Structures are given as C-alpha cells and as structure tokens.
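To be precise, the following lines are start.txt, and they hold compact mmCIF, C-alpha atoms.
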```txt
# COMPACT_ATOMS: atom_id res chain seq x y z
CA MET A 13 -62.42 -2.02 62.54
CA ILE A 14 -64.26 1.00 63.93
CA THR A 15 -63.68 2.36 67.42
CA VAL A 16 -66.19 4.87 68.76
CA PHE A 17 -64.95 7.19 71.50
CA GLY A 18 -67.98 8.95 72.88
CA SER A 19 -71.13 9.23 74.93
CA ILE A 20 -73.56 6.62 76.22
CA ASN A 21 -76.96 7.83 77.43
CA MET A 22 -80.49 6.89 78.24
CA ASP A 23 -82.98 9.01 76.34
CA LEU A 24 -86.15 10.13 78.15
CA ILE A 25 -88.59 11.00 75.38
CA ALA A 26 -91.85 12.94 75.52
CA THR A 27 -93.99 13.51 72.44
CA THR A 28 -96.30 16.46 71.97
CA ALA A 29 -98.39 17.96 69.17
CA ARG A 30 -95.99 20.89 68.92
CA LEU A 31 -92.81 21.97 70.64
CA PRO A 32 -93.24 24.60 73.38
CA GLN A 33 -92.09 28.19 73.14
CA PRO A 34 -89.81 29.53 75.91
CA GLY A 35 -91.75 29.66 79.17
CA GLU A 36 -94.69 27.73 77.74
CA THR A 37 -96.15 24.46 79.05
CA VAL A 38 -97.77 22.09 76.55
CA ALA A 39 -99.51 18.76 77.04
CA GLY A 40 -97.60 15.64 76.09
CA SER A 41 -99.16 12.62 74.41
CA ALA A 42 -96.64 9.85 75.22
CA PHE A 43 -93.47 9.04 77.15
CA SER A 44 -90.81 6.42 76.52
CA THR A 45 -87.18 5.61 77.24
CA ALA A 46 -84.55 4.42 74.79
CA ALA A 47 -80.82 3.90 74.71
CA GLY A 48 -78.98 6.85 73.20
CA GLY A 49 -75.94 9.11 73.33
CA LYS A 50 -74.27 10.24 70.12
CA GLY A 51 -71.32 7.90 70.59
CA ALA A 52 -73.46 4.85 71.32
CA ASN A 53 -75.89 5.71 68.52
CA GLN A 54 -73.08 5.92 65.98
CA ALA A 55 -71.53 2.71 67.27
CA LEU A 56 -74.84 0.86 66.94
CA ALA A 57 -75.38 2.22 63.42
CA ALA A 58 -71.93 1.04 62.36
CA ALA A 59 -72.54 -2.38 63.94
CA ARG A 60 -75.95 -2.74 62.27
CA ALA A 61 -74.27 -1.79 59.00
CA GLY A 62 -72.07 -4.86 59.42
CA ALA A 63 -68.84 -3.37 60.78
CA THR A 64 -66.75 -4.68 63.67
CA VAL A 65 -67.18 -2.05 66.38
CA SER A 66 -65.62 -1.27 69.75
CA MET A 67 -67.33 1.24 72.07
CA ILE A 68 -65.22 3.36 74.44
CA GLY A 69 -66.97 5.40 77.13
CA ALA A 70 -68.45 5.34 80.61
CA VAL A 71 -71.76 4.60 82.33
CA GLY A 72 -72.88 4.76 85.94
CA SER A 73 -73.70 1.99 88.38
CA ASP A 74 -77.38 2.92 88.29
CA ALA A 75 -80.50 1.39 86.79
CA PHE A 76 -79.92 3.10 83.44
CA ALA A 77 -76.51 1.52 82.79
CA GLU A 78 -77.62 -1.89 81.50
CA PRO A 79 -80.46 -0.69 79.26
CA ALA A 80 -78.15 1.99 77.84
CA LEU A 81 -75.80 -0.76 76.64
CA ALA A 82 -78.35 -3.45 75.76
CA LEU A 83 -78.79 -2.85 72.02
CA LEU A 84 -75.06 -2.36 71.52
CA GLY A 85 -74.44 -5.72 73.15
CA GLN A 86 -77.11 -7.38 71.07
CA ALA A 87 -75.52 -5.97 67.90
CA GLY A 88 -72.18 -7.53 68.81
CA ALA A 89 -70.26 -4.36 69.71
CA ASP A 90 -67.25 -4.87 71.99
CA LEU A 91 -68.14 -3.20 75.31
CA SER A 92 -65.13 -4.37 77.30
CA ALA A 93 -63.65 -0.84 77.46
CA VAL A 94 -66.82 0.82 78.78
CA ARG A 95 -66.01 1.90 82.36
CA ARG A 96 -68.45 1.92 85.31
CA THR A 97 -68.30 5.06 87.45
CA ASP A 98 -69.94 6.54 90.53
CA GLU A 99 -71.57 9.24 88.39
CA PRO A 100 -75.07 8.54 87.02
CA THR A 101 -75.40 7.26 83.48
CA GLY A 102 -75.77 10.15 81.06
CA THR A 103 -79.31 11.18 80.13
CA ALA A 104 -80.93 13.12 77.33
CA LEU A 105 -84.30 14.80 77.86
CA ILE A 106 -86.01 14.89 74.46
CA LEU A 107 -89.19 16.59 73.28
CA VAL A 108 -90.53 15.44 69.89
CA GLY A 109 -93.13 17.55 68.10
CA GLY A 110 -95.88 16.39 65.78
CA ASP A 111 -93.80 17.36 62.73
CA GLY A 112 -90.91 15.12 63.84
CA GLU A 113 -88.65 17.98 64.95
CA ASN A 114 -87.10 17.83 68.40
CA MET A 115 -85.54 19.71 71.32
CA ILE A 116 -82.89 18.01 73.45
CA VAL A 117 -81.17 18.70 76.80
CA VAL A 118 -78.21 16.42 77.56
CA VAL A 119 -76.99 15.77 81.13
CA PRO A 120 -73.48 14.25 80.76
CA GLY A 121 -73.22 12.27 84.01
CA ALA A 122 -70.69 9.46 83.57
CA ASN A 123 -69.75 10.75 80.12
CA GLY A 124 -68.03 13.64 81.87
CA THR A 125 -65.57 11.24 83.51
CA VAL A 126 -63.98 10.15 80.22
CA THR A 127 -60.30 11.16 80.40
CA THR A 128 -57.23 11.77 78.26
CA ALA A 129 -55.85 8.50 79.64
CA ASP A 130 -58.90 6.71 78.20
CA ALA A 131 -58.20 8.43 74.87
CA GLU A 132 -54.55 7.46 74.76
CA ALA A 133 -55.30 3.85 75.68
CA THR A 134 -57.98 3.73 72.99
CA VAL A 135 -55.66 4.79 70.18
CA ALA A 136 -52.82 2.62 71.46
CA ALA A 137 -55.03 -0.43 70.85
CA MET A 138 -55.88 0.60 67.27
CA LYS A 139 -54.26 -0.19 63.93
CA ALA A 140 -53.37 2.39 61.31
CA ASP A 141 -56.17 1.33 58.94
CA ASP A 142 -58.86 1.50 61.63
CA ILE A 143 -61.41 4.31 61.90
CA LEU A 144 -61.86 6.33 65.09
CA MET A 145 -65.23 8.07 65.45
CA LEU A 146 -65.66 11.03 67.79
CA GLN A 147 -68.30 13.59 68.79
CA MET A 148 -68.63 16.33 71.41
CA GLU A 149 -70.55 14.68 74.27
CA VAL A 150 -67.45 13.69 76.26
CA PRO A 151 -64.88 16.21 77.59
CA ALA A 152 -63.04 18.16 74.91
CA PRO A 153 -59.55 17.44 76.34
CA ALA A 154 -60.19 13.72 75.96
CA VAL A 155 -61.41 14.20 72.39
CA ARG A 156 -58.33 16.27 71.60
CA ALA A 157 -56.01 13.64 73.11
CA ALA A 158 -57.66 10.90 71.05
CA MET A 159 -57.48 12.86 67.81
CA THR A 160 -53.89 13.95 68.40
CA ALA A 161 -52.77 10.38 69.13
CA ALA A 162 -54.70 9.08 66.12
CA ARG A 163 -53.07 11.60 63.80
CA ALA A 164 -49.61 10.63 65.08
CA LYS A 165 -50.38 6.94 64.50
CA GLY A 166 -52.00 7.37 61.08
CA VAL A 167 -55.46 6.28 62.26
CA ARG A 168 -58.33 7.74 60.24
CA THR A 169 -60.65 9.94 62.29
CA MET A 170 -64.28 10.83 61.61
CA PHE A 171 -65.35 13.80 63.72
CA ASN A 172 -69.02 14.70 64.04
CA THR A 173 -69.11 18.33 65.22
CA ALA A 174 -72.35 17.89 67.20
CA PRO A 175 -73.14 19.37 69.58
CA LEU A 176 -71.19 22.32 68.18
CA THR A 177 -69.11 24.20 70.77
CA GLU A 178 -66.09 26.50 70.64
CA ASP A 179 -63.95 23.43 71.34
CA ALA A 180 -65.47 21.64 68.35
CA VAL A 181 -64.31 24.42 66.03
CA ALA A 182 -60.68 23.94 67.06
CA LEU A 183 -60.87 20.15 67.25
CA SER A 184 -62.31 19.85 63.75
CA GLU A 185 -58.91 20.85 62.36
CA LEU A 186 -57.43 17.57 63.64
CA ALA A 187 -59.87 15.23 61.86
CA SER A 188 -59.47 13.28 58.63
CA ILE A 189 -63.21 13.49 57.93
CA VAL A 190 -65.50 16.20 59.32
CA VAL A 191 -69.27 15.60 59.37
CA ALA A 192 -71.57 18.53 60.19
CA ASN A 193 -75.11 19.58 59.43
CA GLU A 194 -75.56 22.81 57.49
CA THR A 195 -76.03 24.99 60.57
CA GLU A 196 -73.02 23.48 62.31
CA PHE A 197 -70.82 23.91 59.25
CA ASP A 198 -71.79 27.57 58.86
CA LEU A 199 -70.94 28.24 62.50
CA LEU A 200 -67.78 26.13 62.20
CA ILE A 201 -66.39 28.57 59.65
CA GLY A 202 -67.70 31.62 61.50
CA ARG A 203 -70.55 32.52 59.15
CA GLN A 204 -74.33 32.17 59.28
CA SER A 205 -77.22 31.44 56.92
CA LEU A 206 -75.15 30.66 53.85
CA ASP A 207 -76.94 29.72 50.66
CA ALA A 208 -75.92 26.56 48.80
CA ASP A 209 -73.38 28.28 46.53
CA GLN A 210 -71.78 30.19 49.40
CA ARG A 211 -71.53 27.04 51.48
CA LEU A 212 -69.91 25.08 48.66
CA ALA A 213 -67.41 27.90 48.10
CA ALA A 214 -66.60 27.85 51.81
CA MET A 215 -66.13 24.08 51.67
CA HIS A 216 -63.71 24.45 48.76
CA ASP A 217 -61.76 27.07 50.69
CA LEU A 218 -61.52 24.92 53.83
CA HIS A 219 -60.70 21.77 51.86
CA GLY A 220 -58.00 23.60 49.96
CA ARG A 221 -56.35 24.68 53.22
CA THR A 222 -56.66 21.41 55.15
CA GLY A 223 -57.11 18.59 52.65
CA GLN A 224 -59.82 17.18 54.91
CA THR A 225 -62.85 15.31 53.65
CA LEU A 226 -65.85 17.51 54.42
CA VAL A 227 -69.39 16.18 54.66
CA VAL A 228 -72.36 18.51 55.19
CA THR A 229 -75.82 17.03 55.74
CA LEU A 230 -78.72 19.13 54.49
CA GLY A 231 -81.78 17.40 55.92
CA ALA A 232 -84.36 16.71 53.23
CA ASP A 233 -82.01 18.22 50.61
CA GLY A 234 -79.52 15.40 51.06
CA VAL A 235 -75.76 15.60 51.52
CA VAL A 236 -72.87 17.45 49.90
CA ALA A 237 -69.29 16.31 50.36
CA LEU A 238 -65.85 17.38 49.21
CA ARG A 239 -63.15 14.71 49.01
CA ASP A 240 -59.83 14.82 47.18
CA GLY A 241 -60.99 17.96 45.38
CA ALA A 242 -64.19 16.36 44.04
CA VAL A 243 -67.73 17.41 44.97
CA LEU A 244 -70.19 14.60 45.66
CA THR A 245 -73.90 14.98 46.31
CA THR A 246 -76.60 12.48 47.15
CA LYS A 247 -80.07 12.34 48.64
CA GLY A 248 -81.83 9.98 50.98
CA LEU A 249 -85.42 8.87 50.60
CA GLU A 250 -88.57 10.92 50.18
CA ILE A 251 -90.25 10.36 53.54
CA GLU A 252 -92.67 11.83 56.06
CA PRO A 253 -90.53 11.91 59.22
CA VAL A 254 -91.90 10.48 62.45
CA ASP A 255 -88.89 11.36 64.64
CA THR A 256 -85.57 12.85 63.48
CA VAL A 257 -83.69 11.99 66.71
CA GLY A 258 -80.66 9.90 65.82
CA ALA A 259 -80.84 10.37 62.05
CA GLY A 260 -77.51 12.20 61.94
CA ASP A 261 -75.86 9.56 64.11
CA THR A 262 -77.21 6.82 61.87
CA PHE A 263 -75.72 8.62 58.87
CA CYS A 264 -72.32 8.87 60.57
CA GLY A 265 -72.24 5.23 61.65
CA TYR A 266 -73.24 3.95 58.23
CA LEU A 267 -70.72 6.22 56.48
CA ALA A 268 -67.89 4.96 58.68
CA ALA A 269 -68.98 1.36 58.15
CA GLY A 270 -69.06 1.81 54.38
CA LEU A 271 -65.53 3.20 54.35
CA ASP A 272 -64.30 0.49 56.70
CA GLN A 273 -65.85 -2.14 54.42
CA GLY A 274 -64.04 -0.76 51.38
CA LEU A 275 -66.93 0.96 49.58
CA ASP A 276 -65.96 3.88 47.39
CA PHE A 277 -66.88 7.19 48.98
CA ALA A 278 -69.87 7.91 46.74
CA ALA A 279 -71.44 4.53 47.48
CA ALA A 280 -70.76 4.88 51.21
CA LEU A 281 -72.32 8.35 51.16
CA ARG A 282 -75.46 7.13 49.39
CA ARG A 283 -75.94 4.19 51.75
CA ALA A 284 -75.49 6.47 54.75
CA ALA A 285 -78.06 8.95 53.42
CA VAL A 286 -80.63 6.20 52.89
CA ALA A 287 -79.97 4.82 56.37
CA GLY A 288 -80.43 8.29 57.87
CA SER A 289 -83.77 8.63 56.11
CA LEU A 290 -84.98 5.26 57.40
CA ALA A 291 -84.01 6.26 60.94
CA CYS A 292 -86.63 9.03 60.77
CA LEU A 293 -89.48 6.55 60.31
CA LYS A 294 -89.50 5.19 63.88
CA LYS A 295 -89.45 6.80 67.29
CA GLY A 296 -86.33 6.92 69.43
CA ALA A 297 -82.66 7.05 68.53
CA GLN A 298 -81.27 3.53 68.72
CA PRO A 299 -84.54 1.61 68.15
CA ALA A 300 -84.95 3.47 64.85
CA ILE A 301 -81.50 2.65 63.42
CA PRO A 302 -82.10 0.34 60.45
CA LEU A 303 -80.41 -2.99 59.78
CA SER A 304 -78.11 -3.34 56.80
CA ALA A 305 -80.63 -5.48 54.91
CA GLU A 306 -83.32 -2.81 55.29
CA VAL A 307 -80.99 -0.20 53.83
CA ALA A 308 -79.87 -2.42 50.96
CA GLU A 309 -83.52 -3.06 50.05
CA ARG A 310 -84.18 0.70 49.66
CA ILE A 311 -81.04 1.70 47.75
```

Can I see the file as structure tokens?
Amino acid sequence: MITVFGSINMDLIATTARLPQPGETVAGSAFSTAAGGKGANQALAAARAGATVSMIGAVGSDAFAEPALALLGQAGADLSAVRRTDEPTGTALILVGGDGENMIVVVPGANGTVTTADAEATVAAMKADDILMLQMEVPAPAVRAAMTAARAKGVRTMFNTAPLTEDAVALSELASIVVANETEFDLLIGRQSLDADQRLAAMHDLHGRTGQTLVVTLGADGVVALRDGAVLTTKGLEIEPVDTVGAGDTFCGYLAAGLDQGLDFAAALRRAAVAGSLACLKKGAQPAIPLSAEVAERI
C-alpha cells in the first residue's frame, strides 16, 4: 500500500504564447482549472498505476475543496484522512508557454495546517512494507516527523525534493529513496550546473555515504538512478510536449506503484519514465496523468 502525505490544491492555469519576463504583461490565450498539488498528483498517479493509495492532507471548506478531491475519489484513493479546515484550499497559479514550459506560484492555504500529529498518526497506521511518499508543499516539521517515524518503523519512504528549500536538503537525508530533477539534485549537494559525469560522480559519493536510492530526472534526456551500487538509466518517449505541469509527479507516483507492485527497479523506472512522458501530452496536472493501460501500450 502507498500512503501519500502531502499537498492538495486547485490549479488555476493560464496559457500564453510565451512566458513573460519580470515586470512584463503578456496576453493569454486560455484559462482553465484543474485539481493539483504535488501530493495529490502523486497519489492519483499511483492510483491510476493500479496501486492501493491513501491520501493524507487538508483542504478548506470552500468551493475548491470538492473539485480538488474529485479525481482522487474517482480513482479509488482513500480520502478518509483528508481534514477540512477553516483555511482556503491550496491553490497554484500556473502560466504555461507555447513551448510547454511553465511558471508556478503556490499558495499553501489549508496545506499549511498539516501538523506533526497528522504525520505521527499517518505512520502509526502503516505497515513496514508500505511506501510513504512525501514532498515539500506541507510544513517541513510535519514532513520531518513523518519521515522520522517511518524510519523508526521500517517503512520505506520516497521523498520528492520539490519544491527545493533549505529544509528539503536536510530532510532528504532521512529518505529511503530520493527523487529530484537535475537542478534540484545539483542544489541538494551544494553545487550548480554539473555536467553528466560530474553529476554521476556526485551521486556515487552521496550513495556511498548514505546507502540511499537516488533518482535524478533529466527531462528529455531521461532518468539516471543509483541503487545498491548499480547505475540504471532509462528514457521516456520522444514527444512534443503540450504541458509539462505534473510530469514529475506522474513519474514519482508510477515509480512508487511499480515498487509497491513488486516490479524490479529497472522495470519500475522505465514505466515511470514513459508515464511521465505521456503526462506532457495533455494540459493540466491531474487530467494529464495516464492510466496504466495507456502506459503499458507504449512501453
């Protein structure tokens, strides 16, 4: 079973021919809303990959709460531990350019009310062979409490370092599996603009010190991972991206589901990479997450 401890948002999405420069106003071509939040996105991806998923988090009592949870409910995720609060449901303001790249501002809202007590209760309900997924869109003390309790109980943890903060650097040391994009990983180890060989050397150094499984996503160049001393690489699909929002979350959810379902790590990594590619072919975060059958067809 997979438990996701993280954020639940509504995404407010505007598309434009190109992303604005600082201080610049550009004309938009479309506006839409979609359920999002890194925690909820990863939970939906794992559920659509066929895993049994429980979502832990908080929403408001406002008009965004139900639509933020709708797709998760439809996918069969257990939402019984999602609290309702007086704070507004979290929102993400997203600009998507004509090349598929994006800019995002996240307003935490109810996500900021997630507590260490929530974290401890979450892990107490888990079994040692479960997987706990975490990100950085709920308060860092709660993430730390969850990861500390999980380590003490022997629960596997998958920590996605996004959005990367100073807290994420320290918290990453507590995880069984660390997933970062190339920029996040470079900053995680206190370096910038590493080339492929330098990054791999840094991964070997970190893996040698911690024994953690390290997964670095490289966009169109695929994924490189280090697990039990072995380097694994894979690529997704050759695509023309429509919208990259949620691709990383899709990758994380599918990777966790593959491991939970007993796939070997290389197979789980490949399936996750293909799923992440497919998520770039539709607009929005959660609406773009592919079903397991769609991924299997493209592998």

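Comparing the minimum interatomic distances between Val286 in chain A and each of A:Thr160, A:Thr246, A:Thr127, A:Thr27, counting only C-alpha atoms, we find that A:Thr246 sits nearest.
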
Exercise for review: Please identify all polymer residues within 10 Å of range 301-309 of chain A, counting only C-alpha atoms, omitting same-chain residues fewer than 2 positions from it, and present them as a ChimeraX atom specification.
Suggested key: /A:53-54,56-62,87,258-259,261-263,265-266,283-299,311

Just to be explicit: take each residue in the selection above, keep C-alpha atoms, and write the result as an mmCIF file, in the coordinates of the input.
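To be explicit, this is the file written out as selection_28.cif:
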```cif
data_model
loop_
_atom_site.group_PDB
_atom_site.id
_atom_site.type_symbol
_atom_site.label_atom_id
_atom_site.label_comp_id
_atom_site.auth_asym_id
_atom_site.auth_seq_id
_atom_site.Cartn_x
_atom_site.Cartn_y
_atom_site.Cartn_z
ATOM 1 C CA ASN A 53 -75.890 5.710 68.520
ATOM 2 C CA GLN A 54 -73.080 5.920 65.980
ATOM 3 C CA LEU A 56 -74.840 0.860 66.940
ATOM 4 C CA ALA A 57 -75.380 2.220 63.420
ATOM 5 C CA ALA A 58 -71.930 1.040 62.360
ATOM 6 C CA ALA A 59 -72.540 -2.380 63.940
ATOM 7 C CA ARG A 60 -75.950 -2.740 62.270
ATOM 8 C CA ALA A 61 -74.270 -1.790 59.000
ATOM 9 C CA GLY A 62 -72.070 -4.860 59.420
ATOM 10 C CA ALA A 87 -75.520 -5.970 67.900
ATOM 11 C CA GLY A 258 -80.660 9.900 65.820
ATOM 12 C CA ALA A 259 -80.840 10.370 62.050
ATOM 13 C CA ASP A 261 -75.860 9.560 64.110
ATOM 14 C CA THR A 262 -77.210 6.820 61.870
ATOM 15 C CA PHE A 263 -75.720 8.620 58.870
ATOM 16 C CA GLY A 265 -72.240 5.230 61.650
ATOM 17 C CA TYR A 266 -73.240 3.950 58.230
ATOM 18 C CA ARG A 283 -75.940 4.190 51.750
ATOM 19 C CA ALA A 284 -75.490 6.470 54.750
ATOM 20 C CA ALA A 285 -78.060 8.950 53.420
ATOM 21 C CA VAL A 286 -80.630 6.200 52.890
ATOM 22 C CA ALA A 287 -79.970 4.820 56.370
ATOM 23 C CA GLY A 288 -80.430 8.290 57.870
ATOM 24 C CA SER A 289 -83.770 8.630 56.110
ATOM 25 C CA LEU A 290 -84.980 5.260 57.400
ATOM 26 C CA ALA A 291 -84.010 6.260 60.940
ATOM 27 C CA CYS A 292 -86.630 9.030 60.770
ATOM 28 C CA LEU A 293 -89.480 6.550 60.310
ATOM 29 C CA LYS A 294 -89.500 5.190 63.880
ATOM 30 C CA LYS A 295 -89.450 6.800 67.290
ATOM 31 C CA GLY A 296 -86.330 6.920 69.430
ATOM 32 C CA ALA A 297 -82.660 7.050 68.530
ATOM 33 C CA GLN A 298 -81.270 3.530 68.720
ATOM 34 C CA PRO A 299 -84.540 1.610 68.150
ATOM 35 C CA ILE A 311 -81.040 1.700 47.750
#
```

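We find CA of Gly49 in chain A and CA of Asn114 in chain A to be spaced 15.0 Å apart.
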
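The space between CA of Met148 in chain A and CA of Leu212 in chain A spans 24.4 Å.
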
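Note that the spacing between CA of Ala82 in chain A and CA of Gly109 in chain A amounts to 26.8 Å.
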
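Nearest residue to Leu84 in chain A among A:Pro153, A:Gly202, A:Gly48, A:Pro253 is A:Gly48, counting all atoms listed in the file.
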
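You can rank A:Leu144, A:Val235, A:Leu83, A:Val243 by their closest distance to Ala300 in chain A using all atoms listed in the file, and at the top of that list sits A:Leu83.
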
Would you pick out the contacts of Gly220 in chain A at 12 Å or less, using all atoms listed in the file, so that residues sharing its chain but fewer than 6 positions from it are not included, and give the list as a compact mmCIF listing (two decimals) with C-alpha atoms, in the frame of the given file?
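Okay, part_11.txt is ready:
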```txt
# COMPACT_ATOMS: atom_id res chain seq x y z
CA ALA A 213 -67.41 27.90 48.10
CA ALA A 214 -66.60 27.85 51.81
CA LEU A 226 -65.85 17.51 54.42
CA LEU A 238 -65.85 17.38 49.21
CA ARG A 239 -63.15 14.71 49.01
CA ASP A 240 -59.83 14.82 47.18
CA GLY A 241 -60.99 17.96 45.38
CA ALA A 242 -64.19 16.36 44.04
```

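Each of A:Asn21, A:Thr177, A:Thr245, A:Thr225 was compared to Val119 in chain A using all atoms listed in the file, and A:Asn21 turns out to be the nearest.
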
Exercise for review: Tell me which protein, DNA and RNA residues are within 7 Å of Ala131 in chain A, counting all atoms listed in the file, leaving out same-chain ones fewer than 3 positions away, and put them as a ChimeraX atom specification.
Suggested key: /A:127-128,134-135,154,157-158

Residues from the last selection, C-alpha atoms, saved as a PDB file, in the coordinates of the input:
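Output file again04.pdb is given in full below:
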```pdb
ATOM      1  CA  THR A 127     -60.300  11.160  80.400  1.00  0.00           C
ATOM      2  CA  THR A 128     -57.230  11.770  78.260  1.00  0.00           C
ATOM      3  CA  THR A 134     -57.980   3.730  72.990  1.00  0.00           C
ATOM      4  CA  VAL A 135     -55.660   4.790  70.180  1.00  0.00           C
ATOM      5  CA  ALA A 154     -60.190  13.720  75.960  1.00  0.00           C
ATOM      6  CA  ALA A 157     -56.010  13.640  73.110  1.00  0.00           C
ATOM      7  CA  ALA A 158     -57.660  10.900  71.050  1.00  0.00           C
TER       8      ALA A 158
END
```

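The residue that comes closest to Glu252 in chain A, out of A:Gly110, A:Leu200, A:Glu194, A:Asp276 and on the basis of all atoms listed in the file, is A:Gly110.
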
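Using all atoms listed in the file, the smallest distance between any of A:Cys264, A:Leu199, A:Leu183, A:Val117 and Gly51 in chain A comes from A:Cys264.
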